[in-house]
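Next comes coords_36.pdb, with PDB, C-alpha atoms.
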```pdb
ATOM      1  CA  ILE A 446     -33.004   0.093 -32.348
ATOM      2  CA  ASP A 447     -35.804   0.573 -34.866
ATOM      3  CA  ILE A 448     -39.009   2.247 -33.675
ATOM      4  CA  VAL A 449     -42.128   1.389 -35.647
ATOM      5  CA  LYS A 450     -45.514   3.033 -35.195
ATOM      6  CA  ALA A 451     -48.575   0.787 -35.250
ATOM      7  CA  ASP A 452     -52.143   0.632 -33.939
ATOM      8  CA  ALA A 453     -53.101  -2.403 -31.856
ATOM      9  CA  ASP A 454     -56.647  -2.119 -33.210
ATOM     10  CA  ASP A 455     -55.372  -2.272 -36.813
ATOM     11  CA  VAL A 456     -54.269  -5.782 -37.766
ATOM     12  CA  ASP A 457     -52.478  -4.677 -40.939
ATOM     13  CA  SER A 458     -50.357  -2.037 -39.192
ATOM     14  CA  MET A 459     -49.449  -4.468 -36.403
ATOM     15  CA  THR A 460     -48.563  -7.183 -38.912
ATOM     16  CA  THR A 461     -46.234  -4.763 -40.675
ATOM     17  CA  ALA A 462     -44.677  -3.687 -37.378
ATOM     18  CA  LEU A 463     -44.097  -7.296 -36.305
ATOM     19  CA  ASP A 464     -42.706  -8.447 -39.642
ATOM     20  CA  GLY A 465     -39.270  -9.971 -39.160
ATOM     21  CA  ALA A 466     -39.445  -9.953 -35.352
ATOM     22  CA  TYR A 467     -38.542 -13.151 -33.522
ATOM     23  CA  GLY A 468     -40.635 -12.320 -30.475
ATOM     24  CA  ALA A 469     -43.018  -9.738 -29.089
ATOM     25  CA  PHE A 470     -43.877  -8.646 -25.567
ATOM     26  CA  MET A 471     -47.480  -7.472 -25.613
ATOM     27  CA  VAL A 472     -49.590  -5.570 -23.089
ATOM     28  CA  THR A 473     -53.029  -4.046 -23.554
ATOM     29  CA  ASP A 474     -54.327  -0.996 -21.686
ATOM     30  CA  PHE A 475     -57.780  -1.477 -20.160
ATOM     31  CA  TRP A 476     -57.604   1.939 -18.525
ATOM     32  CA  GLN A 477     -57.545   3.935 -21.762
ATOM     33  CA  ASP A 478     -61.324   3.558 -22.068
ATOM     34  CA  MET A 479     -62.180   0.985 -19.348
ATOM     35  CA  ASP A 480     -64.012  -1.148 -21.925
ATOM     36  CA  MET A 481     -63.471  -4.851 -21.286
ATOM     37  CA  GLN A 482     -64.879  -5.969 -24.634
ATOM     38  CA  HIS A 483     -62.622  -3.512 -26.459
ATOM     39  CA  GLU A 484     -59.593  -4.981 -24.675
ATOM     40  CA  ILE A 485     -60.669  -8.517 -25.612
ATOM     41  CA  GLU A 486     -61.066  -7.482 -29.251
ATOM     42  CA  THR A 487     -57.708  -5.662 -29.268
ATOM     43  CA  THR A 488     -55.990  -8.784 -27.935
ATOM     44  CA  ARG A 489     -57.668 -10.881 -30.623
ATOM     45  CA  LYS A 490     -56.289  -8.522 -33.276
ATOM     46  CA  LEU A 491     -52.803  -8.720 -31.756
ATOM     47  CA  GLN A 492     -52.988 -12.504 -31.928
ATOM     48  CA  GLU A 493     -54.101 -12.312 -35.560
ATOM     49  CA  ALA A 494     -51.223  -9.960 -36.401
ATOM     50  CA  ALA A 495     -48.645 -12.118 -34.610
ATOM     51  CA  LYS A 496     -49.849 -15.145 -36.566
ATOM     52  CA  ALA A 497     -49.740 -13.284 -39.888
ATOM     53  CA  ALA A 498     -46.234 -11.950 -39.189
ATOM     54  CA  GLY A 499     -44.934 -15.371 -38.165
ATOM     55  CA  VAL A 500     -43.819 -14.275 -34.694
ATOM     56  CA  LYS A 501     -42.116 -17.227 -33.020
ATOM     57  CA  HIS A 502     -42.737 -16.253 -29.376
ATOM     58  CA  VAL A 503     -45.244 -13.863 -27.804
ATOM     59  CA  VAL A 504     -45.074 -12.990 -24.115
ATOM     60  CA  LEU A 505     -48.495 -11.623 -23.228
ATOM     61  CA  SER A 506     -48.859  -9.613 -20.032
ATOM     62  CA  THR A 507     -52.128 -10.711 -18.476
ATOM     63  CA  LEU A 508     -54.207 -11.208 -15.345
ATOM     64  CA  GLU A 509     -56.414 -14.090 -14.306
ATOM     65  CA  ASP A 510     -60.102 -14.290 -15.129
ATOM     66  CA  THR A 511     -61.712 -13.973 -11.688
ATOM     67  CA  ARG A 512     -65.143 -15.200 -12.754
ATOM     68  CA  PRO A 513     -64.695 -18.983 -12.428
ATOM     69  CA  ILE A 514     -63.283 -18.530  -8.916
ATOM     70  CA  ILE A 515     -65.825 -15.961  -7.729
ATOM     71  CA  ASN A 516     -68.755 -17.842  -9.293
ATOM     72  CA  ALA A 517     -67.740 -20.936  -7.344
ATOM     73  CA  SER A 518     -68.157 -18.989  -4.083
ATOM     74  CA  ASN A 519     -71.454 -18.640  -2.264
ATOM     75  CA  ASP A 520     -71.863 -14.868  -2.178
ATOM     76  CA  VAL A 521     -72.511 -13.750  -5.754
ATOM     77  CA  ASP A 522     -75.053 -10.949  -6.279
ATOM     78  CA  ALA A 523     -77.605 -12.358  -3.844
ATOM     79  CA  ASN A 524     -80.455 -10.278  -2.401
ATOM     80  CA  ASP A 525     -78.560  -6.973  -2.655
ATOM     81  CA  ASP A 526     -76.509  -7.941   0.401
ATOM     82  CA  VAL A 527     -73.555  -5.576   0.895
ATOM     83  CA  ASP A 528     -71.231  -8.559   1.258
ATOM     84  CA  THR A 529     -72.035 -10.082  -2.138
ATOM     85  CA  TRP A 530     -69.935  -9.639  -5.262
ATOM     86  CA  ARG A 531     -71.251  -6.986  -7.605
ATOM     87  CA  VAL A 532     -71.336  -7.477 -11.375
ATOM     88  CA  LEU A 533     -69.620  -4.436 -12.917
ATOM     89  CA  GLU A 534     -69.850  -5.165 -16.627
ATOM     90  CA  GLU A 535     -72.339  -7.094 -18.721
ATOM     91  CA  ASP A 536     -71.453  -8.116 -22.263
ATOM     92  CA  LYS A 537     -74.331  -6.681 -24.306
ATOM     93  CA  GLU A 538     -73.689  -9.229 -27.063
ATOM     94  CA  GLY A 539     -73.821 -12.138 -24.631
ATOM     95  CA  ILE A 540     -70.401 -13.476 -25.620
ATOM     96  CA  SER A 541     -68.679 -13.138 -22.245
ATOM     97  CA  PRO A 542     -70.040 -13.898 -18.762
ATOM     98  CA  PRO A 543     -70.797 -10.923 -16.480
ATOM     99  CA  SER A 544     -67.638  -9.433 -14.985
ATOM    100  CA  TYR A 545     -66.743  -8.579 -11.388
ATOM    101  CA  VAL A 546     -63.229  -7.259 -12.078
ATOM    102  CA  PRO A 547     -63.309  -6.065 -15.713
ATOM    103  CA  HIS A 548     -59.631  -5.120 -15.939
ATOM    104  CA  PHE A 549     -58.769  -8.681 -14.845
ATOM    105  CA  ASP A 550     -61.489 -10.660 -16.574
ATOM    106  CA  GLY A 551     -61.018  -9.236 -20.067
ATOM    107  CA  LYS A 552     -57.285  -9.916 -19.981
ATOM    108  CA  GLY A 553     -57.883 -13.392 -18.572
ATOM    109  CA  GLU A 554     -60.470 -14.357 -21.181
ATOM    110  CA  ALA A 555     -58.429 -12.973 -24.075
ATOM    111  CA  GLY A 556     -55.221 -14.507 -22.763
ATOM    112  CA  GLU A 557     -56.696 -18.009 -22.684
ATOM    113  CA  ARG A 558     -57.748 -17.641 -26.311
ATOM    114  CA  PHE A 559     -54.279 -16.393 -27.230
ATOM    115  CA  LEU A 560     -52.665 -19.391 -25.530
ATOM    116  CA  LYS A 561     -54.918 -21.798 -27.433
ATOM    117  CA  SER A 562     -54.034 -20.212 -30.779
ATOM    118  CA  VAL A 563     -51.264 -21.388 -33.105
ATOM    119  CA  VAL A 564     -49.012 -18.518 -31.975
ATOM    120  CA  PRO A 565     -46.275 -19.761 -29.582
ATOM    121  CA  THR A 566     -47.250 -17.934 -26.401
ATOM    122  CA  THR A 567     -46.303 -17.449 -22.768
ATOM    123  CA  LEU A 568     -48.924 -15.926 -20.480
ATOM    124  CA  LEU A 569     -47.215 -13.756 -17.852
ATOM    125  CA  PHE A 570     -49.476 -13.027 -14.889
ATOM    126  CA  THR A 571     -48.748  -9.794 -13.076
ATOM    127  CA  CYS A 572     -49.868  -8.321  -9.750
ATOM    128  CA  PHE A 573     -49.837  -4.921  -7.999
ATOM    129  CA  TYR A 574     -47.060  -2.719  -9.419
ATOM    130  CA  TYR A 575     -45.096  -0.586  -6.963
ATOM    131  CA  ASP A 576     -45.508   2.161  -9.568
ATOM    132  CA  ASN A 577     -49.241   2.243  -8.815
ATOM    133  CA  PHE A 578     -48.328   4.348  -5.769
ATOM    134  CA  ILE A 579     -47.348   7.046  -8.285
ATOM    135  CA  ASP A 580     -49.291   6.360 -11.473
ATOM    136  CA  PHE A 581     -52.614   5.659  -9.715
ATOM    137  CA  GLN A 582     -51.880   8.066  -6.846
ATOM    138  CA  MET A 583     -52.145   5.289  -4.263
ATOM    139  CA  GLY A 584     -49.248   6.621  -2.187
ATOM    140  CA  PRO A 585     -49.565   8.406   1.168
ATOM    141  CA  LYS A 586     -52.076  11.272   1.259
ATOM    142  CA  GLN A 587     -52.802  13.949   3.843
ATOM    143  CA  ASN A 588     -56.559  13.368   3.999
ATOM    144  CA  VAL A 589     -57.280  14.958   7.398
ATOM    145  CA  GLU A 590     -55.550  18.096   8.641
ATOM    146  CA  GLY A 591     -53.642  17.444  11.831
ATOM    147  CA  GLN A 592     -53.572  13.673  11.232
ATOM    148  CA  PRO A 593     -50.688  11.658   9.743
ATOM    149  CA  PRO A 594     -50.781  10.870   6.016
ATOM    150  CA  SER A 595     -52.352   7.528   5.214
ATOM    151  CA  ILE A 596     -52.282   4.639   2.778
ATOM    152  CA  THR A 597     -55.831   3.530   1.956
ATOM    153  CA  PHE A 598     -56.761   0.047   0.753
ATOM    154  CA  PRO A 599     -59.802  -2.195   1.365
ATOM    155  CA  THR A 600     -57.582  -5.093   2.407
ATOM    156  CA  GLY A 601     -57.856  -5.262   6.206
ATOM    157  CA  ASP A 602     -54.968  -7.254   7.643
ATOM    158  CA  LYS A 603     -54.578  -9.477   4.566
ATOM    159  CA  PRO A 604     -51.418  -9.277   2.405
ATOM    160  CA  PHE A 605     -51.376  -8.995  -1.372
ATOM    161  CA  PHE A 606     -48.654  -9.551  -3.963
ATOM    162  CA  MET A 607     -46.619  -6.648  -5.326
ATOM    163  CA  MET A 608     -43.881  -6.256  -7.898
ATOM    164  CA  SER A 609     -41.303  -3.911  -9.358
ATOM    165  CA  LEU A 610     -41.142  -3.220 -13.061
ATOM    166  CA  SER A 611     -37.449  -4.114 -13.110
ATOM    167  CA  ASP A 612     -38.199  -7.572 -11.713
ATOM    168  CA  PHE A 613     -40.952  -7.905 -14.284
ATOM    169  CA  GLY A 614     -38.484  -7.047 -17.052
ATOM    170  CA  GLU A 615     -36.027  -9.643 -15.776
ATOM    171  CA  VAL A 616     -38.669 -12.344 -16.070
ATOM    172  CA  VAL A 617     -39.702 -11.257 -19.572
ATOM    173  CA  SER A 618     -36.044 -11.452 -20.619
ATOM    174  CA  TYR A 619     -35.695 -14.890 -19.025
ATOM    175  CA  ILE A 620     -38.790 -16.172 -20.842
ATOM    176  CA  PHE A 621     -37.487 -15.081 -24.233
ATOM    177  CA  GLN A 622     -34.098 -16.671 -23.517
ATOM    178  CA  ASN A 623     -35.673 -19.992 -22.535
ATOM    179  CA  PRO A 624     -38.389 -20.715 -25.110
ATOM    180  CA  GLU A 625     -38.046 -24.478 -24.780
ATOM    181  CA  THR A 626     -39.420 -24.367 -21.228
ATOM    182  CA  THR A 627     -41.658 -21.294 -21.364
ATOM    183  CA  ILE A 628     -43.617 -21.438 -24.633
ATOM    184  CA  ASN A 629     -47.242 -22.510 -24.111
ATOM    185  CA  THR A 630     -47.006 -22.049 -20.332
ATOM    186  CA  LYS A 631     -48.445 -19.734 -17.695
ATOM    187  CA  ILE A 632     -46.032 -17.935 -15.377
ATOM    188  CA  GLY A 633     -46.775 -15.701 -12.397
ATOM    189  CA  VAL A 634     -44.422 -12.991 -11.180
ATOM    190  CA  ALA A 635     -44.152 -11.160  -7.859
ATOM    191  CA  SER A 636     -41.486  -9.279  -5.918
ATOM    192  CA  SER A 637     -43.024  -9.191  -2.450
ATOM    193  CA  LEU A 638     -46.106  -9.790  -0.347
ATOM    194  CA  HIS A 639     -47.310  -7.085   2.078
ATOM    195  CA  THR A 640     -50.229  -6.070   4.255
ATOM    196  CA  GLY A 641     -51.492  -2.503   4.246
ATOM    197  CA  ALA A 642     -49.879  -1.934   7.632
ATOM    198  CA  GLU A 643     -46.527  -3.182   6.312
ATOM    199  CA  ILE A 644     -46.810  -0.858   3.318
ATOM    200  CA  ALA A 645     -47.449   2.110   5.617
ATOM    201  CA  ALA A 646     -44.495   1.089   7.793
ATOM    202  CA  ALA A 647     -42.195   0.948   4.749
ATOM    203  CA  PHE A 648     -43.221   4.458   3.691
ATOM    204  CA  SER A 649     -42.791   5.687   7.283
ATOM    205  CA  LYS A 650     -39.268   4.319   7.469
ATOM    206  CA  VAL A 651     -38.076   5.729   4.144
ATOM    207  CA  LEU A 652     -39.872   9.099   4.308
ATOM    208  CA  ASN A 653     -38.924   9.502   7.977
ATOM    209  CA  ARG A 654     -42.392  10.460   9.129
ATOM    210  CA  GLU A 655     -45.463   8.642  10.421
ATOM    211  CA  ILE A 656     -47.630   7.082   7.737
ATOM    212  CA  VAL A 657     -50.692   5.116   8.849
ATOM    213  CA  PHE A 658     -52.810   2.484   7.153
ATOM    214  CA  ASN A 659     -56.485   3.292   6.584
ATOM    215  CA  PRO A 660     -58.277  -0.065   6.127
ATOM    216  CA  VAL A 661     -61.596   0.984   4.591
ATOM    217  CA  LYS A 662     -64.373  -1.425   3.673
ATOM    218  CA  VAL A 663     -64.649  -2.697   0.090
ATOM    219  CA  ASN A 664     -67.941  -0.903  -0.523
ATOM    220  CA  ALA A 665     -66.528   2.357   0.830
ATOM    221  CA  TYR A 666     -63.564   2.113  -1.560
ATOM    222  CA  ALA A 667     -65.920   1.296  -4.445
ATOM    223  CA  ASN A 668     -67.812   4.526  -3.742
ATOM    224  CA  PHE A 669     -64.769   6.824  -3.658
ATOM    225  CA  GLY A 670     -65.956   8.241  -6.957
ATOM    226  CA  PHE A 671     -62.867   8.110  -9.167
ATOM    227  CA  PRO A 672     -63.092   6.209 -12.483
ATOM    228  CA  GLY A 673     -62.548   2.503 -11.893
ATOM    229  CA  ALA A 674     -62.998   2.657  -8.106
ATOM    230  CA  ALA A 675     -65.496  -0.224  -8.022
ATOM    231  CA  ASP A 676     -63.262  -2.319 -10.298
ATOM    232  CA  LEU A 677     -60.231  -1.764  -8.043
ATOM    233  CA  ALA A 678     -62.310  -2.440  -4.917
ATOM    234  CA  ASN A 679     -63.318  -5.844  -6.285
ATOM    235  CA  MET A 680     -59.712  -6.465  -7.325
ATOM    236  CA  PHE A 681     -58.460  -5.942  -3.785
ATOM    237  CA  ARG A 682     -61.278  -8.080  -2.417
ATOM    238  CA  TYR A 683     -60.362 -10.844  -4.864
ATOM    239  CA  TRP A 684     -56.690 -10.688  -3.895
ATOM    240  CA  THR A 685     -57.454 -10.894  -0.176
ATOM    241  CA  THR A 686     -60.163 -13.562  -0.473
ATOM    242  CA  PHE A 687     -58.557 -16.030  -2.869
ATOM    243  CA  THR A 688     -55.018 -17.151  -3.618
ATOM    244  CA  PRO A 689     -54.123 -16.126  -7.183
ATOM    245  CA  PRO A 690     -53.675 -19.445  -9.016
ATOM    246  CA  HIS A 691     -50.340 -18.433 -10.546
ATOM    247  CA  LEU A 692     -48.886 -17.015  -7.309
ATOM    248  CA  ASN A 693     -49.324 -19.841  -4.853
ATOM    249  CA  ILE A 694     -46.876 -18.961  -2.096
ATOM    250  CA  ASP A 695     -47.369 -20.284   1.435
ATOM    251  CA  SER A 696     -45.164 -17.893   3.404
ATOM    252  CA  THR A 697     -46.126 -14.232   3.755
ATOM    253  CA  ALA A 698     -42.404 -13.527   4.168
ATOM    254  CA  ALA A 699     -41.579 -14.981   0.765
ATOM    255  CA  MET A 700     -40.130 -12.659  -1.846
ATOM    256  CA  LEU A 701     -39.509 -14.127  -5.256
ATOM    257  CA  VAL A 702     -39.845 -13.462  -8.925
ATOM    258  CA  GLY A 703     -40.856 -15.783 -11.738
ATOM    259  CA  VAL A 704     -43.068 -18.184  -9.820
ATOM    260  CA  GLY A 705     -43.147 -21.448 -11.735
ATOM    261  CA  VAL A 706     -39.895 -20.965 -13.674
ATOM    262  CA  GLU A 707     -36.373 -22.224 -13.151
ATOM    263  CA  GLU A 708     -34.649 -22.050  -9.764
ATOM    264  CA  GLN A 709     -31.924 -19.751 -11.082
ATOM    265  CA  ILE A 710     -34.395 -16.895 -11.490
ATOM    266  CA  LYS A 711     -36.341 -17.710  -8.334
ATOM    267  CA  GLN A 712     -33.197 -17.141  -6.309
ATOM    268  CA  ARG A 713     -32.228 -13.735  -7.703
ATOM    269  CA  GLN A 714     -32.527 -10.715  -5.437
ATOM    270  CA  THR A 715     -35.806  -8.921  -6.003
ATOM    271  CA  VAL A 716     -36.475  -5.224  -5.522
ATOM    272  CA  SER A 717     -37.956  -4.677  -2.068
ATOM    273  CA  LEU A 718     -40.743  -2.189  -1.432
ATOM    274  CA  GLU A 719     -38.415  -0.116   0.773
ATOM    275  CA  LYS A 720     -35.769   0.010  -1.942
ATOM    276  CA  TRP A 721     -38.352   1.123  -4.493
ATOM    277  CA  ILE A 722     -39.694   3.862  -2.207
ATOM    278  CA  GLU A 723     -36.140   5.084  -1.574
ATOM    279  CA  ALA A 724     -35.524   5.357  -5.309
ATOM    280  CA  ASN A 725     -38.807   7.210  -5.845
ATOM    281  CA  LYS A 726     -39.284   9.162  -2.623
ATOM    282  CA  ASP A 727     -39.267  12.517  -4.424
ATOM    283  CA  ALA A 728     -42.654  11.495  -5.860
ATOM    284  CA  PHE A 729     -44.165  11.690  -2.374
ATOM    285  CA  PRO A 730     -43.780  15.317  -1.187
ATOM    286  CA  LEU A 731     -45.745  15.313   2.063
TER     287      LEU A 731
END
```

When written as structure tokens, how does the structure in this file appear?
Amino acid sequence: IDIVKADADDVDSMTTALDGAYGAFMVTDFWQDMDMQHEIETTRKLQEAAKAAGVKHVVLSTLEDTRPIINASNDVDANDDVDTWRVLEEDKEGISPPSYVPHFDGKGEAGERFLKSVVPTTLLFTCFYYDNFIDFQMGPKQNVEGQPPSITFPTGDKPFFMMSLSDFGEVVSYIFQNPETTINTKIGVASSLHTGAEIAAAFSKVLNREIVFNPVKVNAYANFGFPGAADLANMFRYWTTFTPPHLNIDSTAAMLVGVGVEEQIKQRQTVSLEKWIEANKDAFPL
């Protein structure tokens, strides 16, 4: 294995790093500076480098642009009503429409441009990673002394899609092995679909103690005060208001990976939330 250092914001260094590579799996990090326009520009430079290096297949990790779906609804920024969608980022140069979920919308906008380029591309749409319970500290917390630890999401009784990184890796591998059916397509991936109450129940079972679900309102979550809280609040609202276009599953009991790809990968056993918690339970010392 050769390890090559490059800067995603430097086209020349990325071109050199990609030289001779058949394919490239690419992911950009909105959270490093939470600047949607920077992420869009970084993705443009990655596309330019992939073209210059002659990469034959790029798998781009992405998310959908929420703006066309939200703008088609009837509750967008009207009269300061608490139930309307709040614009969180305006493009000062007027290139991009105002954004409600910047860490989605930048990836979605840039991904569509990547797909329309001459670079052979697969857009791989992700969802909520199980690892967010650790990396974003979304796991059970002891918020009130004398009360059971809780999982807090602004999702009410609505389920949202979740996934394990190992399942994600399986789909990336499948895509590279099947270019004839995956190049210039959009693929969604999920491992499971759970409500907040089901998530709390899974943690309770594995950690062998009561964990409750705290279903706060979207605006309350947005005002929690940590960086990106309003962005994540709108993300959860989007997930529980609309069906993600690349994860159109009717049954809330469905667990699958590689939505929209061949049956052989749809039928593989995915990593359940309980199994993931069991493997990572030391990360939740309550």

**Q.** Answer key for the PyMOL selection byres ((chain A and resi 487-503) around 10), residues as a ChimeraX atom specification
**A.** /A:452-474,481-486,504-506,551-552,554-556,558-560,562-568,620-621,624,627-629

Q | Point-to-point distance in Å for CA of Met608 (chain A) and CA of Arg654 (chain A) | A |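 According to the coordinates, CA of Arg654 (chain A) and CA of Met608 (chain A) are separated by 23.9 Å.
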
Q: Starting from the shown file, work through the PyMOL selection byres ((chain A and resi 592) around 12) and note down what comes out as a PyMOL selection string.
A: chain A and resi 586-591+593-595+654-659

Please report, as a Markdown table, each residue of region 510-629 of chain A lying at most 8 Å from region 633-639 of chain A, together with the nearest pair of atoms and the separation in Å rounded to one decimal; use all atoms listed in the file, and order rows by chain and ascending residue number.
```
| residue | atom | partner | partner_atom | distance |
| --- | --- | --- | --- | --- |
| A:Leu569 | CA | A:Gly633 | CA | 5.8 |
| A:Phe570 | CA | A:Gly633 | CA | 4.5 |
| A:Thr571 | CA | A:Val634 | CA | 5.7 |
| A:Cys572 | CA | A:Ala635 | CA | 6.7 |
| A:Pro604 | CA | A:His639 | CA | 4.7 |
| A:Phe605 | CA | A:Leu638 | CA | 5.4 |
| A:Phe606 | CA | A:Leu638 | CA | 4.4 |
| A:Met607 | CA | A:Ser637 | CA | 5.3 |
| A:Met608 | CA | A:Ser636 | CA | 4.3 |
| A:Ser609 | CA | A:Ser636 | CA | 6.4 |
| A:Asp612 | CA | A:Ser636 | CA | 6.9 |
| A:Phe613 | CA | A:Val634 | CA | 6.9 |
| A:Val616 | CA | A:Val634 | CA | 7.6 |
```

Q) Residues picked by the PyMOL selection byres ((chain A and resi 675) around 12) here, as number ranges by chain? A) A: 479, 530-534, 544-548, 599, 662-674, 676-682

Residue rebuild result region 652-660 of chain A, all heavy atoms as a compact mmCIF listing (two decimals), in the frame of the given file:
```
# COMPACT_ATOMS: atom_id res chain seq x y z
N LEU A 652 -39.56 7.66 4.34
CA LEU A 652 -39.87 9.10 4.31
C LEU A 652 -39.61 9.79 5.64
O LEU A 652 -39.73 11.01 5.75
CB LEU A 652 -41.33 9.30 3.89
CG LEU A 652 -41.73 8.72 2.52
CD1 LEU A 652 -43.20 9.04 2.22
CD2 LEU A 652 -40.84 9.25 1.41
N ASN A 653 -39.29 8.98 6.66
CA ASN A 653 -38.92 9.50 7.98
C ASN A 653 -40.04 10.34 8.59
O ASN A 653 -39.81 11.41 9.17
CB ASN A 653 -37.63 10.32 7.90
CG ASN A 653 -37.01 10.55 9.28
OD1 ASN A 653 -37.16 9.71 10.18
ND2 ASN A 653 -36.34 11.66 9.45
N ARG A 654 -41.26 9.84 8.45
CA ARG A 654 -42.39 10.46 9.13
C ARG A 654 -43.50 9.42 9.25
O ARG A 654 -43.52 8.42 8.53
CB ARG A 654 -42.89 11.69 8.39
CG ARG A 654 -43.46 11.44 7.01
CD ARG A 654 -44.12 12.71 6.47
NE ARG A 654 -45.21 13.15 7.35
CZ ARG A 654 -45.90 14.28 7.16
NH1 ARG A 654 -45.58 15.09 6.16
NH2 ARG A 654 -46.88 14.62 7.97
N GLU A 655 -44.42 9.63 10.17
CA GLU A 655 -45.46 8.64 10.42
C GLU A 655 -46.44 8.58 9.25
O GLU A 655 -47.00 9.58 8.83
CB GLU A 655 -46.22 8.98 11.70
CG GLU A 655 -47.29 7.93 12.03
CD GLU A 655 -48.10 8.27 13.28
OE1 GLU A 655 -48.00 9.42 13.75
OE2 GLU A 655 -48.83 7.39 13.75
N ILE A 656 -46.62 7.37 8.74
CA ILE A 656 -47.63 7.08 7.74
C ILE A 656 -48.50 5.97 8.32
O ILE A 656 -47.98 4.97 8.81
CB ILE A 656 -47.02 6.61 6.40
CG1 ILE A 656 -45.95 7.58 5.91
CG2 ILE A 656 -48.11 6.39 5.36
CD1 ILE A 656 -46.46 8.93 5.49
N VAL A 657 -49.80 6.12 8.27
CA VAL A 657 -50.69 5.12 8.85
C VAL A 657 -51.46 4.40 7.74
O VAL A 657 -51.58 4.90 6.62
CB VAL A 657 -51.67 5.75 9.86
CG1 VAL A 657 -50.91 6.37 11.02
CG2 VAL A 657 -52.57 6.76 9.19
N PHE A 658 -51.98 3.25 8.09
CA PHE A 658 -52.81 2.48 7.15
C PHE A 658 -54.28 2.72 7.48
O PHE A 658 -54.70 2.60 8.64
CB PHE A 658 -52.47 1.00 7.24
CG PHE A 658 -53.37 0.11 6.42
CD1 PHE A 658 -53.63 0.40 5.08
CD2 PHE A 658 -53.97 -1.01 6.98
CE1 PHE A 658 -54.46 -0.40 4.32
CE2 PHE A 658 -54.80 -1.82 6.21
CZ PHE A 658 -55.05 -1.52 4.89
N ASN A 659 -55.05 3.05 6.45
CA ASN A 659 -56.48 3.29 6.58
C ASN A 659 -57.24 2.14 5.92
O ASN A 659 -57.45 2.15 4.71
CB ASN A 659 -56.85 4.62 5.92
CG ASN A 659 -58.32 4.94 6.00
OD1 ASN A 659 -59.02 4.47 6.90
ND2 ASN A 659 -58.81 5.74 5.06
N PRO A 660 -57.65 1.13 6.70
CA PRO A 660 -58.28 -0.06 6.13
C PRO A 660 -59.79 0.10 5.93
O PRO A 660 -60.58 -0.37 6.73
CB PRO A 660 -57.98 -1.14 7.17
CG PRO A 660 -57.97 -0.39 8.47
CD PRO A 660 -57.47 1.01 8.16
```
